[in-house]
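First comes the structure, then the notes that go with it.
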Amino acid sequence: MFDKILHEIQKYNDIIIIRHQNPDPDAIGSQLGLANILRNAFPQKNILTPGTELEVFDWLGKMQQVPSNKYKDSLVIAVDTANEIRVDDDPHFKDAELIIKIDHHPNDDPFGNINWVDDSFSSCAEMIYTLADELGLPVEKESARLLYSGVIGDTNRFLYADATYRTLNIAAQLAKTGIDISEISHQEDQMTMEIARLEAYILENFTITDSGFAYIILEKDLLEIFHLNPGELDYAVPLIGKIDEVNTWAIISEKETNKFRCNLRSKEIPINSIAVKFGGGGHPLASGVYVHSMDNVQKLLDEMDKITH
């Protein structure tokens with residue numbers, strides 16, 4: 001698989017690396033980290049990284065504008081993106097001559113011409129480092145900073161069960177480049193005053209059922225009071241799970257009128273089948289889906305409550 005991916009990378013002059021909507025540090029770190037690795041290894045190639053700009057992740061790096069007609073003769077590499085519908089980019093990415101998918105989510109939608117998908121990895125950043133290491137491509141300090149950000153982002157600084165010996169070994173190799181691991185952790189841990197107030201509201205107002213399922217619905221009018229920047233709400237998603245009595249939880253946020261983003265989480269019981277049932281997906285213990293009515297939100301909450309029994 002590694003040689004097959006390298007063969008395609010060597011063939012194309014234009015390579016466009018894309019990732020998922022509502023990106024997290026793993027999506028951006030994998031995207032920009034792979035771009036840096038390829039730029040250093042193949043300086044003659046044109047490596048592009050499009051996507052929505054989120055101020056909360058400016059510390060990781062900036063995105064690029066890519067004209068729609070640029071895709072036609074290019075190689076597209078989609079990182080950390082389980083489903084085609086979740087790609088954060090111009091839909092013309094499908095015009096690419098070849099698409100490679102590199103992802104660590106369950107492979108429910110193998111939309112690439114080449115799919116390297118392995119859900120035993122804790123993060124896509126871990127996969128990108130493995131790819132570079134297997135191919136003998138140098139991972140210098142800036143690439144290491146980006147990949148380390150992805151690793152600790154998706155493992156919540158090694159808190160989650162999918163952080164393995166391999167994860168820690170790769171993190172150590174990235175740290176050996178001289179990156180400031182304390183500063184990266186600080187960047188991922190800090191919050192704005194607006195998020196602090198939102199978290200206080202969530203703790204005062206969430207609901208917990210007899211089964212240990214906790215949830216809160218943040219409607220559009222309420223969210224507007226907190227003046228959050230795009231991407232900031234994600235910092236509050238793990239919060240309820242820190243409570244001993246909570247087994248599974250959901251943070252429901254109304255992004256637009258009657259369009260609800262549902263972040264589903266669990267400590268032990270797989271919940272990704274529920275996300276798939278409603279048109280989403282993700283990891284067994286961390287999944288997401290958009291639903292388009294309060295009735296469907298309630299049906300999803302009922303399913304979450306049942307699965308804990």
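Simple scheme: letters A, B, ... for chains in structure tokens order, numbers from 1 for residues in each chain, numbers from 1 for ligands in the order shown.
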Selection: 12 Å around A:Ile307, only C-alpha atoms, excl. self and same-chain fewer than 5 positions, as a list of chain:residue names: A:Ser211, A:Gly212, A:Phe213, A:Asn247, A:Thr248, A:Trp249, A:Ser266, A:Glu268, A:Ile269, A:Pro270, A:Ile271, A:Asn272, A:Ser273, A:Ile274, A:Leu300, A:Leu301, A:Asp302
Stretch 81-226 of chain A: residues DSSP assigns to helix (DSSP H, G or I), reported as a PyMOL selection string: chain A and resi 84-86+91-95+124-135+141-154+165-175+181-189+193-205+220-226
Residues within 12 Å of A:Asp133, only C-alpha atoms, excluding chain neighbours under 5 positions, as JSON, numbers by chain: {"A": [2, 34, 37, 126, 127, 128, 138, 139, 140, 170, 173, 174]}
Spatial neighbours of A:Leu222, 10 Å, only C-alpha atoms, chain gap at least 4 places, as a PyMOL selection string: chain A and resi 198+217-218+226-227+253-254
Who sits within 8 Å of A:Ile77, only C-alpha atoms, same chain under 5 positions skipped, as a PyMOL selection string: chain A and resi 15-18+99-102
Among the residues A:Ile47, A:Ala175, A:Leu32, A:Ile225, the one that comes closest to A:Asp80 [using only C-alpha atoms]: A:Leu32
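Shortest separation to A:Ile5 among A:Ala132, A:Lys141, A:Thr177, A:Gly280 occurs at residue A:Ala132, atoms counted being only C-alpha atoms.
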Atom CA of A:Lys11 to atom CA of A:Lys62, distance in Å rounded to a single decimal: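 Atom CA of A:Lys62 lies 26.4 Å from atom CA of A:Lys11.
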Separation of atom CA of A:Val291 from atom CA of A:Val56 in Å: 25.0 Å
Nearest candidate to A:Asp88 (options A:Asp180, A:Pro67, A:Gly153, A:Gln21; using only C-alpha atoms):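 For A:Asp88, the nearest of the given residues is A:Gln21.
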Per-residue DSSP, stretch 144-267 of chain A, filtered to strand (DSSP E or B), as an NGL selection string: :A and (207-208 or 213-218 or 248-256 or 259-266)
Just write the chosen residues, N, CA, C and O atoms, as a tab-separated table (two decimals), in the first residue's frame.
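The result, written out as part.tsv:
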```tsv
chain	number	residue	atom	x	y	z
A	207	THR	N	-29.18	17.25	30.97
A	207	THR	CA	-30.10	16.24	31.48
A	207	THR	C	-29.38	14.89	31.52
A	207	THR	O	-28.63	14.57	30.59
A	208	ILE	N	-29.62	14.11	32.58
A	208	ILE	CA	-29.08	12.76	32.64
A	208	ILE	C	-30.21	11.79	32.95
A	208	ILE	O	-31.05	12.05	33.82
A	213	PHE	N	-27.19	8.19	30.42
A	213	PHE	CA	-27.07	8.97	29.19
A	213	PHE	C	-27.35	10.43	29.50
A	213	PHE	O	-28.40	10.77	30.05
A	214	ALA	N	-26.41	11.29	29.16
A	214	ALA	CA	-26.54	12.73	29.42
A	214	ALA	C	-26.57	13.48	28.10
A	214	ALA	O	-25.90	13.10	27.14
A	215	TYR	N	-27.33	14.57	28.08
A	215	TYR	CA	-27.40	15.35	26.84
A	215	TYR	C	-27.82	16.78	27.15
A	215	TYR	O	-28.37	17.09	28.21
A	216	ILE	N	-27.54	17.64	26.18
A	216	ILE	CA	-28.06	19.00	26.22
A	216	ILE	C	-28.31	19.44	24.79
A	216	ILE	O	-27.57	19.07	23.87
A	217	ILE	N	-29.38	20.20	24.60
A	217	ILE	CA	-29.71	20.76	23.28
A	217	ILE	C	-29.48	22.26	23.35
A	217	ILE	O	-30.08	22.97	24.16
A	218	LEU	N	-28.57	22.74	22.52
A	218	LEU	CA	-28.23	24.16	22.46
A	218	LEU	C	-28.85	24.75	21.20
A	218	LEU	O	-28.31	24.60	20.09
A	248	THR	N	-22.75	7.63	28.49
A	248	THR	CA	-22.80	8.12	27.12
A	248	THR	C	-23.37	9.53	27.15
A	248	THR	O	-24.09	9.90	28.09
A	249	TRP	N	-23.04	10.32	26.12
A	249	TRP	CA	-23.57	11.68	26.13
A	249	TRP	C	-23.66	12.25	24.72
A	249	TRP	O	-23.05	11.73	23.78
A	250	ALA	N	-24.45	13.30	24.60
A	250	ALA	CA	-24.66	13.97	23.31
A	250	ALA	C	-24.72	15.47	23.52
A	250	ALA	O	-25.40	15.94	24.43
A	251	ILE	N	-24.00	16.20	22.69
A	251	ILE	CA	-24.09	17.66	22.65
A	251	ILE	C	-24.77	18.01	21.33
A	251	ILE	O	-24.22	17.77	20.25
A	252	ILE	N	-25.97	18.55	21.42
A	252	ILE	CA	-26.76	18.88	20.23
A	252	ILE	C	-26.75	20.40	20.05
A	252	ILE	O	-27.14	21.14	20.95
A	253	SER	N	-26.28	20.86	18.91
A	253	SER	CA	-26.21	22.30	18.67
A	253	SER	C	-26.90	22.64	17.36
A	253	SER	O	-26.68	21.99	16.33
A	254	GLU	N	-27.74	23.65	17.40
A	254	GLU	CA	-28.48	24.09	16.21
A	254	GLU	C	-27.64	25.11	15.45
A	254	GLU	O	-27.60	26.28	15.79
A	255	LYS	N	-26.96	24.64	14.41
A	255	LYS	CA	-26.06	25.50	13.64
A	255	LYS	C	-26.85	26.52	12.82
A	255	LYS	O	-26.49	27.67	12.72
A	256	GLU	N	-27.91	26.05	12.19
A	256	GLU	CA	-28.85	26.88	11.45
A	256	GLU	C	-30.24	26.45	11.88
A	256	GLU	O	-30.39	25.41	12.52
A	259	LYS	N	-31.31	22.79	11.73
A	259	LYS	CA	-30.17	21.96	11.33
A	259	LYS	C	-29.32	21.74	12.57
A	259	LYS	O	-28.64	22.66	13.03
A	260	PHE	N	-29.36	20.53	13.10
A	260	PHE	CA	-28.75	20.23	14.38
A	260	PHE	C	-27.50	19.36	14.20
A	260	PHE	O	-27.57	18.28	13.60
A	261	ARG	N	-26.39	19.83	14.73
A	261	ARG	CA	-25.18	19.03	14.75
A	261	ARG	C	-25.18	18.21	16.05
A	261	ARG	O	-25.30	18.76	17.14
A	262	CYS	N	-25.05	16.90	15.93
A	262	CYS	CA	-25.14	16.00	17.08
A	262	CYS	C	-23.79	15.33	17.31
A	262	CYS	O	-23.37	14.48	16.51
A	263	ASN	N	-23.10	15.72	18.36
A	263	ASN	CA	-21.85	15.09	18.76
A	263	ASN	C	-22.18	13.99	19.77
A	263	ASN	O	-22.70	14.28	20.85
A	264	LEU	N	-21.88	12.75	19.41
A	264	LEU	CA	-22.21	11.60	20.25
A	264	LEU	C	-20.93	11.01	20.82
A	264	LEU	O	-19.95	10.81	20.09
A	265	ARG	N	-20.93	10.72	22.12
A	265	ARG	CA	-19.75	10.21	22.79
A	265	ARG	C	-20.12	9.08	23.75
A	265	ARG	O	-21.26	9.00	24.23
A	266	SER	N	-19.16	8.22	24.04
A	266	SER	CA	-19.37	7.12	24.98
A	266	SER	C	-18.05	6.76	25.64
A	266	SER	O	-16.98	6.92	25.05
```
Spatial neighbours of A:His92, max dist 8 Å, only C-alpha atoms, sep filter under 3 positions, as a list in words: Ser68, Asn69, Tyr71, Asp95 and Ala96 of chain A
Could you please take those selected residues and save N, CA and C atoms as a short mmCIF file (atom, residue, chain, number, x, y, z; two decimals), in the first residue's frame?
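Saved result, out23.cif, follows:
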```
data_model
loop_
_atom_site.label_atom_id
_atom_site.label_comp_id
_atom_site.auth_asym_id
_atom_site.auth_seq_id
_atom_site.Cartn_x
_atom_site.Cartn_y
_atom_site.Cartn_z
N SER A 68 -11.51 25.92 -8.86
CA SER A 68 -12.22 24.68 -9.16
C SER A 68 -11.58 23.93 -10.33
N ASN A 69 -11.08 24.68 -11.32
CA ASN A 69 -10.52 24.01 -12.50
C ASN A 69 -9.16 23.39 -12.24
N TYR A 71 -8.53 21.05 -10.15
CA TYR A 71 -8.65 19.65 -9.76
C TYR A 71 -8.53 18.68 -10.93
N ASP A 95 -13.53 15.84 -9.51
CA ASP A 95 -13.02 15.92 -10.87
C ASP A 95 -11.57 15.48 -10.97
N ALA A 96 -10.94 15.22 -9.82
CA ALA A 96 -9.52 14.85 -9.81
C ALA A 96 -9.30 13.58 -10.62
#
```
